[in-house]
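Okay, structure first, notes after.
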Amino acid sequence: MAVITKAGTSEFSDPIVNRTLRSRPTYPPRNLKSTRLAAASNQVLVEWSPPVKANGPVKHYEVTYGFTNFNDDYIEKTALVPGERLTLNNLMFHTTYTIEVRVCIQTIDSIEALCGKDRAVTKIQTGYGESGRMAEPVVTFVNQTEVEVAWNPGLFHQGGPVRRYEVKIAQQGFDDHLVTKIAPGHVSKMKLSLTNITEEQNWSPDCTNKTITNLYNFTVRAVSFDPDSGEEFTGSPWSHVDVVAAPCGREYFNVLISREISRLIAKSNSSALPFERI
C-alpha cells in the first residue's frame, strides 16, 4: 500500500498475505476409469486423478456404485477412499454398474468433510456367473399323484442366460427319496408324476398309512452360462424349500396355511444397504 500526496507517492508498505477460506470443491476428480479384472468377472478396479482444484486438503473421495435389480429397484453402496483407486469385489454378475466419484475436503472448524457437488461418472458391465437365489417354487397337486411345479423367471437375478432349471424333490420320512429333475431354460413350469418319479421308486402318497407324513419338499435353482465360451455356472443357490402336503385331509390344509404365513413374512422383510469405509 502507498500514499499519494501533492509531493509524490510514498514507498509501499510491507505486504500482508492472507488465505481465503476453504470452500466446497468446484471440480470433480479427473480421468475416472473402471476395469474388469481377470481374477473374477465380478471384480472391478476403479481409478481416478485428483481434481484440477480441490479448494482445500483432500480428506477422502466418496465412491458410490449401484445397479438396477430385477425388481426395478436401484441398489447402491458408498465407500470412502483416502487414495485414488478402489477395487470393487463380489459384484452382481452380468450387471451394468454406474460408478460415481466426488472429492471431499477437510474443513478447518469441523470434523465433517465438505464434498463437491459435481461427480465423475462411468459405467461398466460385469461378466457372466452364477445367478441369484430364486423365489421358492409354487407347487400344486393336479391330482393325488401328479404335481405341477412353477417358478417366476422374473423374480431373481440372472447371472447370464439361463440354460436350465434344476428342481430338487424330496419325500419326507424317506432318506433315499431325493431326486433332481431338469427343465429347459425357456420354460417356467413342469409336471411330475409321483408314481414314476424314478424308474425304481413310486412316491405316490399313501393317505391310509398314518405313519407316513405324505409331505414333499420342492426347491429350484437356475443354471446360467456364458454364451461366448459355453461355460456353465452351477454354483447358484437353491431357493427356499416349498413344503407341500398330499391332499389327504386336515394335514394338507395345515401345510397350506403355514406356507401362506411364511410367504407373507418373507415379503415383508427387507435388507439394509451397507455403508462402507475403505
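Every chain in the C-alpha cells takes a letter, A first, then B, and so on in the order presented; its residues are numbered from 1, and the ligands are numbered from 1 following the presented order.
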
So that I can see what lies close to Thr219 in chain A, please list as a short mmCIF file (atom, residue, chain, number, x, y, z; two decimals) with C-alpha atoms, in the first residue's frame the residues with an atom at most 8 Å from it, counting only C-alpha atoms and leaving out residues fewer than 6 positions away in the same chain.
data_model
loop_
_atom_site.label_atom_id
_atom_site.label_comp_id
_atom_site.auth_asym_id
_atom_site.auth_seq_id
_atom_site.Cartn_x
_atom_site.Cartn_y
_atom_site.Cartn_z
CA GLU A 136 -39.49 -70.71 -3.79
CA PRO A 137 -41.49 -72.61 -6.41
CA VAL A 167 -35.86 -78.86 -9.49
CA LYS A 168 -34.97 -80.92 -6.42
CA ILE A 169 -37.68 -83.04 -4.82
CA TRP A 238 -31.14 -73.26 -4.20
CA SER A 239 -34.39 -71.48 -3.45
CA HIS A 240 -36.08 -71.82 -0.11
CA VAL A 241 -37.98 -75.08 0.24
CA ASP A 242 -41.68 -75.27 -0.51
#

Check your understanding: Can you tell me, as a PyMOL selection string, what residues are no more than 8 Å from His157 in chain A when counting only C-alpha atoms, ignoring any on the same chain fewer than 5 positions away?
Key -> chain A and resi 69-70+131-134

Give me a file of those residues, with N, CA and C atoms, as a tab-separated table (two decimals), in the first residue's frame.
chain	number	residue	atom	x	y	z
A	69	ASN	N	-31.94	-53.59	-10.07
A	69	ASN	CA	-32.12	-55.03	-9.96
A	69	ASN	C	-33.34	-55.51	-10.75
A	70	PHE	N	-33.62	-56.82	-10.64
A	70	PHE	CA	-34.70	-57.43	-11.40
A	70	PHE	C	-36.07	-56.86	-11.02
A	131	SER	N	-26.27	-67.24	-11.03
A	131	SER	CA	-27.48	-66.47	-10.83
A	131	SER	C	-27.79	-66.37	-9.35
A	132	GLY	N	-28.71	-65.47	-9.01
A	132	GLY	CA	-29.09	-65.29	-7.61
A	132	GLY	C	-30.11	-66.32	-7.16
A	133	ARG	N	-30.46	-66.25	-5.89
A	133	ARG	CA	-31.44	-67.18	-5.33
A	133	ARG	C	-32.84	-66.89	-5.90
A	134	MET	N	-33.49	-67.92	-6.35
A	134	MET	CA	-34.84	-67.80	-6.86
A	134	MET	C	-35.84	-67.81	-5.71

**Study point:** Non-local contacts of Arg102 in chain A (6 Å; only C-alpha atoms; under 5 positions in same chain excluded) as a list in words
**Key:** Pro28, Tyr61, Glu62 and Arg119 of chain A

Practice item. Name the residues in contact with Thr213 in chain A at a cut-off of 9 Å, using only C-alpha atoms, excluding same-chain residues fewer than 4 positions from it; report them as a list in words. Key: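 Once the nearby chain positions are removed, what remains is Gln171, Gln172, Gly173, Pro205, Asp206, Cys207, Asn209, Ala245, Ala246 and Glu251 of chain A.
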
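Among the candidate residues A:Ser236, A:Thr64, A:Gln158, A:Thr78, the one lying nearest to Thr122 in chain A is A:Thr64, with distances computed using only C-alpha atoms.
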
I need the residues in range 7-235 of chain A that are strand (DSSP E or B) according to DSSP; give them as a tab-separated table (two decimals) with C-alpha atoms, in the first residue's frame.
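Listed below is the output, out_24.tsv:
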chain	number	residue	atom	x	y	z
A	8	GLY	CA	4.50	12.48	-4.66
A	9	THR	CA	3.96	8.82	-3.86
A	30	ARG	CA	-10.35	-36.36	-13.36
A	31	ASN	CA	-9.55	-39.37	-15.58
A	32	LEU	CA	-12.08	-41.72	-13.97
A	33	LYS	CA	-11.91	-45.22	-15.44
A	34	SER	CA	-13.12	-48.69	-14.46
A	35	THR	CA	-11.59	-52.02	-15.49
A	36	ARG	CA	-12.92	-55.55	-15.07
A	44	VAL	CA	-13.76	-54.13	-10.90
A	45	LEU	CA	-10.83	-51.75	-10.39
A	46	VAL	CA	-11.79	-48.06	-10.25
A	47	GLU	CA	-9.07	-45.38	-10.67
A	48	TRP	CA	-9.06	-41.58	-10.94
A	49	SER	CA	-6.86	-38.48	-10.64
A	58	VAL	CA	-8.47	-33.73	0.34
A	59	LYS	CA	-9.86	-35.81	3.21
A	60	HIS	CA	-11.24	-38.65	1.10
A	61	TYR	CA	-13.09	-39.49	-2.08
A	62	GLU	CA	-16.69	-40.66	-1.96
A	63	VAL	CA	-17.32	-43.56	-4.34
A	64	THR	CA	-20.92	-44.57	-4.99
A	65	TYR	CA	-21.72	-47.59	-7.16
A	66	GLY	CA	-25.07	-49.13	-7.93
A	67	PHE	CA	-27.32	-51.01	-10.33
A	68	THR	CA	-30.99	-51.59	-11.10
A	74	TYR	CA	-31.86	-49.11	-7.69
A	75	ILE	CA	-29.37	-50.67	-5.25
A	76	GLU	CA	-26.26	-48.69	-4.34
A	77	LYS	CA	-23.37	-48.68	-1.89
A	78	THR	CA	-20.95	-45.95	-0.85
A	79	ALA	CA	-17.27	-46.24	0.07
A	80	LEU	CA	-14.97	-43.55	1.47
A	81	VAL	CA	-11.49	-43.88	-0.04
A	85	ARG	CA	-8.18	-46.20	-6.52
A	86	LEU	CA	-10.63	-48.78	-5.26
A	87	THR	CA	-11.28	-52.45	-6.04
A	88	LEU	CA	-14.94	-53.44	-6.00
A	96	THR	CA	-24.32	-52.80	-15.52
A	97	TYR	CA	-22.98	-50.67	-12.67
A	98	THR	CA	-22.94	-46.88	-12.51
A	99	ILE	CA	-19.88	-45.59	-10.61
A	100	GLU	CA	-19.67	-42.02	-9.33
A	101	VAL	CA	-16.74	-40.35	-7.55
A	102	ARG	CA	-16.58	-36.95	-5.87
A	103	VAL	CA	-13.90	-35.27	-3.77
A	104	CYS	CA	-14.34	-34.28	-0.11
A	105	ILE	CA	-12.03	-31.85	1.72
A	106	GLN	CA	-11.21	-31.35	5.39
A	113	ALA	CA	-15.92	-33.36	5.33
A	114	LEU	CA	-17.11	-30.88	2.72
A	115	CYS	CA	-17.86	-32.69	-0.53
A	120	ALA	CA	-17.14	-38.02	-12.22
A	121	VAL	CA	-19.27	-40.83	-13.67
A	122	THR	CA	-18.51	-44.06	-15.52
A	123	LYS	CA	-20.35	-47.31	-16.28
A	124	ILE	CA	-19.19	-50.90	-16.60
A	125	GLN	CA	-20.82	-54.29	-17.07
A	138	VAL	CA	-45.26	-72.82	-6.37
A	139	VAL	CA	-46.28	-76.46	-6.24
A	140	THR	CA	-49.83	-77.64	-6.86
A	141	PHE	CA	-51.26	-81.14	-6.75
A	146	GLU	CA	-49.36	-85.63	-10.18
A	147	VAL	CA	-47.92	-82.20	-9.26
A	148	GLU	CA	-47.19	-79.03	-11.18
A	149	VAL	CA	-44.05	-77.08	-10.20
A	150	ALA	CA	-43.95	-73.45	-11.34
A	162	VAL	CA	-30.37	-69.48	-18.23
A	163	ARG	CA	-29.51	-72.83	-19.79
A	164	ARG	CA	-31.70	-74.92	-17.49
A	165	TYR	CA	-33.59	-75.06	-14.23
A	166	GLU	CA	-32.96	-77.77	-11.68
A	167	VAL	CA	-35.86	-78.86	-9.49
A	168	LYS	CA	-34.97	-80.92	-6.42
A	169	ILE	CA	-37.68	-83.04	-4.82
A	170	ALA	CA	-37.56	-84.97	-1.56
A	171	GLN	CA	-40.19	-87.03	0.22
A	178	LEU	CA	-34.30	-87.42	-3.25
A	179	VAL	CA	-34.16	-86.64	-6.94
A	180	THR	CA	-33.33	-83.69	-9.22
A	181	LYS	CA	-35.29	-83.02	-12.38
A	182	ILE	CA	-34.17	-80.80	-15.26
A	183	ALA	CA	-36.24	-78.24	-17.17
A	184	PRO	CA	-35.03	-76.20	-20.19
A	189	LYS	CA	-43.11	-74.85	-15.03
A	190	MET	CA	-43.09	-78.63	-15.25
A	191	LYS	CA	-45.37	-81.51	-14.36
A	192	LEU	CA	-44.20	-84.53	-12.41
A	193	SER	CA	-45.84	-87.85	-11.74
A	215	LEU	CA	-45.08	-84.29	2.77
A	216	TYR	CA	-42.87	-83.34	-0.16
A	217	ASN	CA	-40.08	-80.73	-0.36
A	218	PHE	CA	-39.51	-78.80	-3.57
A	219	THR	CA	-36.68	-76.34	-4.31
A	220	VAL	CA	-35.38	-74.84	-7.57
A	221	ARG	CA	-32.33	-73.06	-8.94
A	222	ALA	CA	-31.17	-71.62	-12.27
A	223	VAL	CA	-28.02	-72.68	-14.11
A	224	SER	CA	-26.73	-69.79	-16.21
A	225	PHE	CA	-23.97	-69.92	-18.82
A	232	GLU	CA	-21.91	-73.27	-17.17
A	233	PHE	CA	-22.24	-71.82	-13.68

Review point. Lys53 in chain A: which residues within 9 Å, counting only C-alpha atoms, same-chain residues fewer than 3 positions away excluded, as number ranges by chain?
Key: A: 25-28, 50, 56

Go ahead and save the picked residues with N, CA and C atoms, as a compact mmCIF listing (two decimals), in the first residue's frame.
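File written: out.txt
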# COMPACT_ATOMS: atom_id res chain seq x y z
N PRO A 25 -15.51 -28.16 -2.89
CA PRO A 25 -14.76 -28.40 -4.14
C PRO A 25 -15.60 -28.05 -5.37
N THR A 26 -14.96 -27.39 -6.31
CA THR A 26 -15.66 -26.94 -7.51
C THR A 26 -15.60 -27.97 -8.62
N TYR A 27 -14.50 -28.74 -8.67
CA TYR A 27 -14.28 -29.65 -9.79
C TYR A 27 -14.37 -31.10 -9.32
N PRO A 28 -14.83 -32.00 -10.19
CA PRO A 28 -14.84 -33.43 -9.86
C PRO A 28 -13.46 -34.04 -10.10
N PRO A 50 -6.69 -36.64 -9.02
CA PRO A 50 -7.24 -35.53 -8.23
C PRO A 50 -7.86 -34.47 -9.13
N GLY A 56 -9.00 -27.00 -0.94
CA GLY A 56 -8.64 -27.40 0.41
C GLY A 56 -7.98 -28.76 0.37

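Put simply, CA of Lys117 in chain A is 28.4 Å away from CA of Asn90 in chain A.
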
Practice item. Using only C-alpha atoms, pick whichever of A:Gly230, A:Gly127, A:Pro57, A:Gly235 has the shortest atom-to-atom distance to Ala38 in chain A. Key: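 Comparing A:Gly230, A:Gly127, A:Pro57, A:Gly235 against Ala38 in chain A, the winner is A:Gly127.
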
Review point. Which of these, A:Ile108, A:Gly160, A:Gln43, A:Asn143, has the shortest distance to Thr195 in chain A once you count only C-alpha atoms?
Key: A:Asn143

Check your understanding: For Ile212 in chain A, which residue out of A:Asn152, A:Phe174, A:His186, A:Glu231 is the nearest one, using only C-alpha atoms?
Key ->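 Result for the nearest residue to Ile212 in chain A: A:Phe174.
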
Practice item. Provide the CA of Asn202 in chain A to CA of Val243 in chain A distance in Å, to one decimal place. Key: 18.8 Å

Review point. Using only C-alpha atoms, which residue out of A:Asn71, A:Ala40, A:Thr107, A:Gly116 lies closest to Leu155 in chain A?
Key: A:Asn71
